[in-house]
Structure formats: structure tokens, C-alpha cells
$ cat final34.cif   # mmCIF, C-alpha atoms
data_work
#
loop_
_atom_site.label_atom_id
_atom_site.label_comp_id
_atom_site.auth_asym_id
_atom_site.auth_seq_id
_atom_site.Cartn_x
_atom_site.Cartn_y
_atom_site.Cartn_z
CA ALA O 1 113.50 175.29 42.43
CA GLN O 2 115.46 174.84 39.24
CA SER O 3 119.14 175.39 38.49
CA VAL O 4 121.25 175.39 35.33
CA THR O 5 124.91 174.56 34.92
CA GLN O 6 126.91 175.56 31.89
CA LEU O 7 130.24 173.89 32.41
CA ASP O 8 132.24 175.87 29.85
CA SER O 9 132.66 179.60 30.32
CA GLN O 10 134.42 179.92 26.95
CA VAL O 11 134.57 177.71 23.87
CA PRO O 12 137.08 178.72 21.19
CA VAL O 13 136.59 177.12 17.78
CA PHE O 14 137.72 177.65 14.22
CA GLU O 15 135.28 178.67 11.52
CA GLU O 16 133.47 175.75 9.84
CA ALA O 17 134.30 173.41 12.74
CA PRO O 18 131.55 171.72 14.76
CA VAL O 19 130.74 172.91 18.26
CA GLU O 20 128.85 171.70 21.32
CA LEU O 21 127.87 173.94 24.22
CA ARG O 22 126.93 171.95 27.28
CA CYS O 23 123.98 172.56 29.57
CA ASN O 24 122.79 170.51 32.52
CA TYR O 25 119.79 171.34 34.65
CA SER O 26 118.33 170.33 37.97
CA SER O 27 114.64 170.33 38.77
CA SER O 28 112.15 168.38 40.85
CA VAL O 29 109.36 169.11 38.39
CA SER O 30 108.97 168.90 34.64
CA VAL O 31 110.65 171.74 32.79
CA TYR O 32 110.79 173.73 29.62
CA LEU O 33 114.28 174.43 28.30
CA PHE O 34 115.67 177.28 26.24
CA TRP O 35 118.83 178.53 24.60
CA TYR O 36 119.26 182.29 24.27
CA VAL O 37 121.99 184.16 22.40
CA GLN O 38 123.37 187.54 23.40
CA TYR O 39 125.49 189.63 21.05
CA PRO O 40 127.70 192.39 22.54
CA ASN O 41 125.75 195.25 24.09
CA GLN O 42 122.43 193.67 23.20
CA GLY O 43 119.57 191.91 24.94
CA LEU O 44 118.70 188.24 24.73
CA GLN O 45 117.33 186.55 21.62
CA LEU O 46 115.61 183.18 21.80
CA LEU O 47 117.54 180.62 19.76
CA LEU O 48 115.44 177.52 20.35
CA LYS O 49 113.21 175.89 22.92
CA TYR O 50 112.03 172.51 24.11
CA LEU O 51 108.49 172.30 25.46
CA SER O 52 107.36 168.77 24.67
CA GLY O 53 107.30 166.23 21.88
CA SER O 54 110.42 165.55 19.83
CA THR O 55 113.50 165.78 21.99
CA LEU O 56 115.54 167.26 19.13
CA VAL O 57 114.79 170.90 18.41
CA GLU O 58 116.31 173.09 15.73
CA SER O 59 116.81 176.79 15.08
CA ILE O 60 116.57 178.55 11.73
CA ASN O 61 120.31 179.24 11.62
CA GLY O 62 121.58 175.67 11.94
CA PHE O 63 121.77 175.15 15.71
CA GLU O 64 120.10 172.17 17.33
CA ALA O 65 119.67 170.94 20.88
CA GLU O 66 118.57 167.61 22.29
CA PHE O 67 116.64 167.18 25.51
CA ASN O 68 117.95 164.20 27.46
CA LYS O 69 115.78 163.61 30.51
CA SER O 70 117.86 160.77 31.96
CA GLN O 71 121.02 162.88 31.84
CA THR O 72 119.18 166.13 32.61
CA SER O 73 120.96 167.79 29.73
CA PHE O 74 120.09 170.12 26.86
CA HIS O 75 123.34 170.52 24.91
CA LEU O 76 123.51 172.93 21.98
CA ARG O 77 125.26 171.84 18.77
CA LYS O 78 126.11 173.20 15.37
CA PRO O 79 127.90 171.14 12.71
CA SER O 80 129.70 174.10 11.13
CA VAL O 81 130.07 177.49 12.81
CA HIS O 82 130.50 180.92 11.24
CA ILE O 83 132.34 183.99 12.47
CA SER O 84 128.94 185.60 13.01
CA ASP O 85 128.07 182.93 15.61
CA THR O 86 130.52 184.57 18.02
CA ALA O 87 128.33 185.53 21.00
CA GLU O 88 127.37 184.57 24.53
CA TYR O 89 124.95 181.65 24.80
CA PHE O 90 122.69 181.11 27.78
CA CYS O 91 120.78 177.99 28.69
CA ALA O 92 117.60 178.61 30.70
CA VAL O 93 114.90 176.57 32.36
CA THR O 94 111.39 177.24 33.57
CA ARG O 95 108.85 174.96 35.13
CA GLY O 96 106.37 173.43 32.77
CA PRO O 97 103.71 172.84 31.79
CA SER O 98 102.42 175.92 33.66
CA GLY O 99 104.15 177.91 31.00
CA TYR O 100 106.95 180.32 30.41
CA SER O 101 107.10 181.48 33.99
CA THR O 102 110.24 182.99 35.43
CA LEU O 103 113.42 181.87 33.75
CA THR O 104 116.46 180.49 35.56
CA PHE O 105 119.62 181.01 33.54
CA GLY O 106 123.04 179.44 33.51
CA LYS O 107 126.13 181.63 33.70
CA GLY O 108 126.61 181.55 29.96
CA THR O 109 129.16 180.21 27.49
CA MET O 110 131.12 182.56 25.28
CA LEU O 111 131.53 181.05 21.81
CA LEU O 112 134.59 182.50 20.09
CA VAL O 113 134.84 181.66 16.40
CA SER O 114 138.10 182.51 14.68
CA PRO O 115 139.10 182.28 10.99
CA GLU X 1 104.25 195.72 15.98
CA THR X 2 106.93 197.31 18.15
CA GLY X 3 109.27 195.22 20.25
CA VAL X 4 110.32 195.69 23.86
CA THR X 5 112.06 199.01 24.40
CA GLN X 6 114.03 200.09 27.44
CA SER X 7 115.27 203.49 28.50
CA PRO X 8 117.78 204.81 29.10
CA THR X 9 120.36 202.59 27.41
CA HIS X 10 123.15 203.68 29.72
CA LEU X 11 123.17 205.36 33.11
CA ILE X 12 125.78 206.36 35.66
CA LYS X 13 124.74 206.95 39.26
CA THR X 14 126.50 207.59 42.55
CA ARG X 15 126.32 205.19 45.46
CA GLY X 16 123.33 206.00 47.66
CA GLN X 17 121.28 207.56 44.87
CA GLN X 18 118.02 206.28 43.48
CA VAL X 19 117.35 205.20 39.89
CA THR X 20 114.31 204.48 37.73
CA LEU X 21 114.51 202.30 34.64
CA ARG X 22 111.71 202.09 32.13
CA CYS X 23 110.34 199.40 29.87
CA SER X 24 107.70 199.53 27.16
CA SER X 25 106.29 196.10 26.57
CA GLN X 26 105.58 194.64 23.17
CA SER X 27 102.16 195.47 21.80
CA GLY X 28 99.50 193.18 23.26
CA HIS X 29 101.69 191.87 26.09
CA ASN X 30 100.37 192.14 29.66
CA THR X 31 103.25 190.62 31.61
CA VAL X 32 106.64 192.19 32.29
CA SER X 33 109.61 190.57 34.01
CA TRP X 34 112.83 192.24 35.11
CA TYR X 35 116.23 190.59 35.28
CA GLN X 36 119.63 191.74 36.53
CA GLN X 37 122.69 190.57 34.61
CA ALA X 38 125.96 191.27 36.40
CA LEU X 39 129.17 191.19 34.38
CA GLY X 40 130.10 187.64 33.45
CA GLN X 41 126.90 186.18 34.88
CA GLY X 42 123.58 184.97 33.59
CA PRO X 43 120.45 187.06 34.15
CA GLN X 44 118.88 186.82 37.60
CA PHE X 45 115.10 187.19 38.04
CA ILE X 46 114.11 190.28 40.03
CA PHE X 47 110.30 190.32 39.77
CA GLN X 48 107.37 189.98 37.42
CA TYR X 49 104.25 192.09 36.94
CA TYR X 50 100.99 190.81 35.52
CA ARG X 51 98.11 193.21 34.94
CA GLU X 52 99.65 195.82 37.27
CA GLU X 53 100.21 193.42 40.17
CA GLU X 54 103.48 191.87 41.32
CA ASN X 55 103.31 188.24 40.31
CA GLY X 56 106.52 186.77 41.69
CA ARG X 57 109.80 187.99 43.10
CA GLY X 58 113.35 186.73 43.12
CA ASN X 59 115.94 187.01 45.85
CA PHE X 60 116.36 190.79 45.78
CA PRO X 61 116.02 193.22 48.71
CA PRO X 62 113.01 195.54 49.10
CA ARG X 63 114.98 198.52 47.79
CA PHE X 64 114.29 196.97 44.38
CA SER X 65 110.69 197.86 43.57
CA GLY X 66 108.55 198.13 40.50
CA LEU X 67 105.38 199.32 38.89
CA GLN X 68 103.29 198.33 35.95
CA PHE X 69 100.99 200.87 34.34
CA PRO X 70 97.57 200.40 32.69
CA ASN X 71 99.27 200.34 29.27
CA TYR X 72 101.45 197.50 30.65
CA SER X 73 104.67 199.48 30.50
CA SER X 74 106.79 199.11 33.60
CA GLU X 75 109.36 200.76 35.84
CA LEU X 76 112.11 199.30 37.97
CA ASN X 77 113.18 201.48 40.89
CA VAL X 78 116.29 200.91 42.94
CA ASN X 79 116.89 202.94 46.10
CA ALA X 80 120.12 203.44 48.03
CA LEU X 81 122.27 202.24 45.16
CA GLU X 82 125.27 200.07 45.96
CA LEU X 83 128.33 199.41 43.84
CA ASP X 84 127.16 195.81 43.31
CA ASP X 85 124.01 197.10 41.65
CA SER X 86 126.12 197.86 38.59
CA ALA X 87 124.74 195.55 35.92
CA LEU X 88 122.72 195.21 32.74
CA TYR X 89 119.01 195.34 33.60
CA LEU X 90 116.82 193.43 31.19
CA CYS X 91 113.10 193.70 30.73
CA ALA X 92 111.06 190.93 29.12
CA SER X 93 107.43 191.10 28.09
CA SER X 94 104.97 188.32 27.33
CA LEU X 95 101.28 187.63 27.00
CA GLY X 96 100.51 185.88 30.26
CA GLN X 97 102.86 182.94 30.57
CA ALA X 98 103.64 182.77 26.85
CA GLU X 99 107.09 183.25 25.33
CA ALA X 100 109.01 186.22 26.72
CA PHE X 101 110.69 188.79 24.48
CA PHE X 102 113.64 190.76 25.82
CA GLY X 103 114.59 194.38 25.39
CA GLN X 104 118.12 195.62 24.73
CA GLY X 105 118.70 196.37 28.38
CA THR X 106 119.85 199.33 30.45
CA ARG X 107 123.50 199.38 31.50
CA LEU X 108 123.67 200.85 35.03
CA THR X 109 127.02 201.85 36.47
CA VAL X 110 127.20 202.84 40.14
CA VAL X 111 130.29 204.78 41.16
#
$ encode --input "final34.cif" --output "C-alpha cells"
Amino acid sequence: AQSVTQLDSQVPVFEEAPVELRCNYSSSVSVYLFWYVQYPNQGLQLLLKYLSGSTLVESINGFEAEFNKSQTSFHLRKPSVHISDTAEYFCAVTRGPSGYSTLTFGKGTMLLVSP
Amino acid sequence: ETGVTQSPTHLIKTRGQQVTLRCSSQSGHNTVSWYQQALGQGPQFIFQYYREEENGRGNFPPRFSGLQFPNYSSELNVNALELDDSALYLCASSLGQAEAFFGQGTRLTVV
């Protein structure tokens, strides 16, 4: 079985500042890792994913995450946040390489960007 | 190509009642998964359907049941509703074990 820990329930940050949202996972098998974003009253949108290959993955809107197998982490970073990045962010894991089977989510981190 | 759609968007039910939530999967997708997201929590896996058969189940009691239809749309049924069933219910569709796409969810409130 897999588990995900997101240590920070809320991360307040000023606009244009850098941010890191932390995610640690536990699994006895190889995994695929994901970050999802959820805006108020909406479903989940995939932000980025790690399946294999380069341990640094990037999204189209400036976020990046690095898979660190030794530390079992997949932290999400952005060098300069915008007000529009305010949302709930979920880290998720599934067993690989059998594919995108059922997802195990962390409890989420609320990113609050203020002017 | 239409995305994943869920209905209704909001629902209020009384404790003890039964509820049916619906999900239309994205065109071409044959796998549907359901998740429960309680307030302040991450989504929890309920079950998955692949080609009309249950293909995995999370730690939910039997009063949570589902169906998948030949067009791959799906229903989630919950009997004997409890106050703790109040949550956002999310449906995700995929083609086999490929990337899952989520709907907007159904907000269920049990009073």
C-alpha cells in the first residue's frame, strides 16, 4: 500500500515570491507521482506527473517538481507565484509501472497568495 | 471531445435516505473511478469500474455501490445515508490504466 504526507496544510506567500509545497510518500513498490490542483468548487486538474526518466518535471504554468527516491519526496516549487495560483494542491501516488491505477492522495496544501 | 461530467452538482439528502450520483466519462474512456473528498481532506478511493465490472474497491462499506453502463457512464449509489457521507464526490475517467481526468464533482450534504 502507498501513503502520501503533505506536511503543510496552508502556505501563505506574497505575490512574486518563491514557494515550495512539500510531499513525502511511502511505498514498497515503484511509484508514479502526481500533483493536482483544485480551485474552489471545482474538480481536480493534473498539474504535473513523474512516471520515469528525468527526475525534474515541469508544468506549463511555471511549476516544477523533483522526484527524490532516496528521500521519498516529490516537492512542488514555483520561483514566482501569482494571485491566480491560490488553490488547494494535492500530491498523489499510484503504483507503477502497471499504470495509472487507483490514486492515493495526501490531505492537500492550501496555497494562499496575497498582494 | 467532451470532458467528464457529473450530475447533479449539488444535492441535499436526509439521513437514512438513498442517493444516486451520475458520471459521464470522457469520450473513448472505458474506466471510471469514484472518490470521496470530505471537507479538508484529500480524495479517498471508493471503487473503479472497467468495462462494466468492478475493478478494485477502497475501504468503504457495502452500502456504497456502483454501476457502469455499456456506454461507460457510471453511477454511484449510497444507501442509508449517514451525516459523515457529506462530501464532494469525484468521478474520474480514463482509457484503461492511462491518465485519469476528473469531473467537477457532486457536493452531497446529508442533514
$ residues_around --input "final34.cif" --residues "Glu99 of chain X" --least-positions-apart "4" --cutoff "12 Å" --atoms "all atoms listed in the file" --output "list of chain:residue names"
O:Tyr32, O:Leu33, O:Phe34, O:Gln45, O:Leu46, O:Leu48, O:Lys49, O:Tyr50, O:Leu51, O:Thr94, O:Gly99, O:Tyr100, O:Ser101, O:Thr102, O:Leu103, X:Gln26, X:His29, X:Asn30, X:Thr31, X:Val32, X:Ser33, X:Ala92, X:Ser93, X:Ser94, X:Leu95
$ axis_aligned_box --input "final34.cif" --around "segment 46-54 of chain X" --padding-each-side "4 Å" --output "JSON"
{"center_x": 106.1, "center_y": 192.9, "center_z": 38.1, "size_x": 24.0, "size_y": 13.8, "size_z": 14.4}
$ resolve_selection --input "final34.cif" --expression "the PyMOL selection byres ((chain X) within 8 of (chain O))" --output "PyMOL selection string"
chain X and resi 33+40-45+48+90+97-105
$ residues_near_point --input "final34.cif" --point "(113.1, 196.2, 45.1)" --cutoff "10 Å" --atoms "only C-alpha atoms" --output "list in words"
Ile46, Phe47, Arg57, Gly58, Asn59, Phe60, Pro61, Pro62, Arg63, Phe64, Ser65, Gly66, Leu76, Asn77, Val78 and Asn79 of chain X
$ residues_around --input "final34.cif" --residues "Ala87 of chain X" --least-positions-apart "3" --cutoff "9 Å" --atoms "all atoms listed in the file" --output "list in words"
Gln36, Gln37, Ala38, Leu39, Asp84, Thr106, Arg107, Leu108, Thr109 and Val110 of chain X
$ atom_distance --input "final34.cif" --atom1 "atom CA of Arg51 of chain X" --atom2 "atom CA of Ala1 of chain O"
24.8 Å
$ resolve_selection --input "final34.cif" --expression "the PyMOL selection byres ((chain X and resi 69) around 10)" --output "VMD selection string"
chain X and resid 24 30 49 51 to 53 67 to 68 70 to 75
$ atom_distance --input "final34.cif" --atom1 "atom CA of Ile60 of chain O" --atom2 "atom CA of Ser84 of chain O"
14.3 Å
$ atom_distance --input "final34.cif" --atom1 "atom CA of Ile83 of chain O" --atom2 "atom CA of Thr5 of chain O"
25.5 Å
$ residues_around --input "final34.cif" --residues "Phe63 of chain O" --least-positions-apart "5" --cutoff "6 Å" --atoms "all atoms listed in the file" --output "list in words"
Glu58, Arg77 and Lys78 of chain O
$ build_atoms --input "final34.cif" --residues "segment 10-28 of chain O" --atoms "N, CA, C and O atoms" --output "PDB file, keeping the file's coordinate frame"
ATOM      1  N   GLN O  10     133.995 179.497  28.284  1.00  0.00           N
ATOM      2  CA  GLN O  10     134.420 179.920  26.950  1.00  0.00           C
ATOM      3  C   GLN O  10     134.683 178.704  26.086  1.00  0.00           C
ATOM      4  O   GLN O  10     135.249 177.706  26.559  1.00  0.00           O
ATOM      5  N   VAL O  11     134.273 178.780  24.824  1.00  0.00           N
ATOM      6  CA  VAL O  11     134.570 177.710  23.870  1.00  0.00           C
ATOM      7  C   VAL O  11     135.160 178.345  22.616  1.00  0.00           C
ATOM      8  O   VAL O  11     134.437 179.004  21.859  1.00  0.00           O
ATOM      9  N   PRO O  12     136.470 178.213  22.421  1.00  0.00           N
ATOM     10  CA  PRO O  12     137.080 178.720  21.190  1.00  0.00           C
ATOM     11  C   PRO O  12     137.016 177.653  20.100  1.00  0.00           C
ATOM     12  O   PRO O  12     137.240 176.475  20.369  1.00  0.00           O
ATOM     13  N   VAL O  13     136.723 178.069  18.883  1.00  0.00           N
ATOM     14  CA  VAL O  13     136.590 177.120  17.780  1.00  0.00           C
ATOM     15  C   VAL O  13     136.934 177.833  16.488  1.00  0.00           C
ATOM     16  O   VAL O  13     136.756 179.054  16.372  1.00  0.00           O
ATOM     17  N   PHE O  14     137.435 177.078  15.518  1.00  0.00           N
ATOM     18  CA  PHE O  14     137.720 177.650  14.220  1.00  0.00           C
ATOM     19  C   PHE O  14     136.468 177.625  13.344  1.00  0.00           C
ATOM     20  O   PHE O  14     135.600 176.752  13.489  1.00  0.00           O
ATOM     21  N   GLU O  15     136.406 178.586  12.446  1.00  0.00           N
ATOM     22  CA  GLU O  15     135.280 178.670  11.520  1.00  0.00           C
ATOM     23  C   GLU O  15     135.125 177.364  10.747  1.00  0.00           C
ATOM     24  O   GLU O  15     136.111 176.716  10.391  1.00  0.00           O
ATOM     25  N   GLU O  16     133.886 176.963  10.547  1.00  0.00           N
ATOM     26  CA  GLU O  16     133.470 175.750   9.840  1.00  0.00           C
ATOM     27  C   GLU O  16     133.670 174.475  10.649  1.00  0.00           C
ATOM     28  O   GLU O  16     133.337 173.387  10.186  1.00  0.00           O
ATOM     29  N   ALA O  17     134.186 174.573  11.855  1.00  0.00           N
ATOM     30  CA  ALA O  17     134.300 173.410  12.740  1.00  0.00           C
ATOM     31  C   ALA O  17     132.981 173.196  13.471  1.00  0.00           C
ATOM     32  O   ALA O  17     132.185 174.121  13.607  1.00  0.00           O
ATOM     33  N   PRO O  18     132.753 171.972  13.954  1.00  0.00           N
ATOM     34  CA  PRO O  18     131.550 171.720  14.760  1.00  0.00           C
ATOM     35  C   PRO O  18     131.757 172.213  16.193  1.00  0.00           C
ATOM     36  O   PRO O  18     132.885 172.370  16.654  1.00  0.00           O
ATOM     37  N   VAL O  19     130.650 172.447  16.875  1.00  0.00           N
ATOM     38  CA  VAL O  19     130.740 172.910  18.260  1.00  0.00           C
ATOM     39  C   VAL O  19     129.609 172.324  19.088  1.00  0.00           C
ATOM     40  O   VAL O  19     128.518 172.044  18.566  1.00  0.00           O
ATOM     41  N   GLU O  20     129.874 172.114  20.360  1.00  0.00           N
ATOM     42  CA  GLU O  20     128.850 171.700  21.320  1.00  0.00           C
ATOM     43  C   GLU O  20     128.997 172.552  22.573  1.00  0.00           C
ATOM     44  O   GLU O  20     130.086 172.652  23.146  1.00  0.00           O
ATOM     45  N   LEU O  21     127.911 173.184  22.970  1.00  0.00           N
ATOM     46  CA  LEU O  21     127.870 173.940  24.220  1.00  0.00           C
ATOM     47  C   LEU O  21     127.019 173.143  25.199  1.00  0.00           C
ATOM     48  O   LEU O  21     125.864 172.830  24.910  1.00  0.00           O
ATOM     49  N   ARG O  22     127.589 172.866  26.365  1.00  0.00           N
ATOM     50  CA  ARG O  22     126.930 171.950  27.280  1.00  0.00           C
ATOM     51  C   ARG O  22     126.049 172.674  28.290  1.00  0.00           C
ATOM     52  O   ARG O  22     126.389 173.759  28.778  1.00  0.00           O
ATOM     53  N   CYS O  23     124.923 172.033  28.586  1.00  0.00           N
ATOM     54  CA  CYS O  23     123.980 172.560  29.570  1.00  0.00           C
ATOM     55  C   CYS O  23     123.386 171.398  30.343  1.00  0.00           C
ATOM     56  O   CYS O  23     122.842 170.471  29.740  1.00  0.00           O
ATOM     57  N   ASN O  24     123.472 171.472  31.656  1.00  0.00           N
ATOM     58  CA  ASN O  24     122.790 170.510  32.520  1.00  0.00           C
ATOM     59  C   ASN O  24     121.867 171.270  33.457  1.00  0.00           C
ATOM     60  O   ASN O  24     122.181 172.374  33.887  1.00  0.00           O
ATOM     61  N   TYR O  25     120.745 170.674  33.789  1.00  0.00           N
ATOM     62  CA  TYR O  25     119.790 171.340  34.650  1.00  0.00           C
ATOM     63  C   TYR O  25     119.411 170.437  35.812  1.00  0.00           C
ATOM     64  O   TYR O  25     119.629 169.221  35.779  1.00  0.00           O
ATOM     65  N   SER O  26     118.844 171.067  36.822  1.00  0.00           N
ATOM     66  CA  SER O  26     118.330 170.330  37.970  1.00  0.00           C
ATOM     67  C   SER O  26     116.946 170.864  38.279  1.00  0.00           C
ATOM     68  O   SER O  26     116.737 172.081  38.319  1.00  0.00           O
ATOM     69  N   SER O  27     115.998 169.925  38.452  1.00  0.00           N
ATOM     70  CA  SER O  27     114.640 170.330  38.770  1.00  0.00           C
ATOM     71  C   SER O  27     113.886 169.149  39.334  1.00  0.00           C
ATOM     72  O   SER O  27     114.081 168.015  38.907  1.00  0.00           O
ATOM     73  N   SER O  28     112.982 169.427  40.268  1.00  0.00           N
ATOM     74  CA  SER O  28     112.150 168.380  40.850  1.00  0.00           C
ATOM     75  C   SER O  28     110.827 168.241  40.119  1.00  0.00           C
ATOM     76  O   SER O  28     110.045 167.349  40.427  1.00  0.00           O
TER      77      SER O  28
END
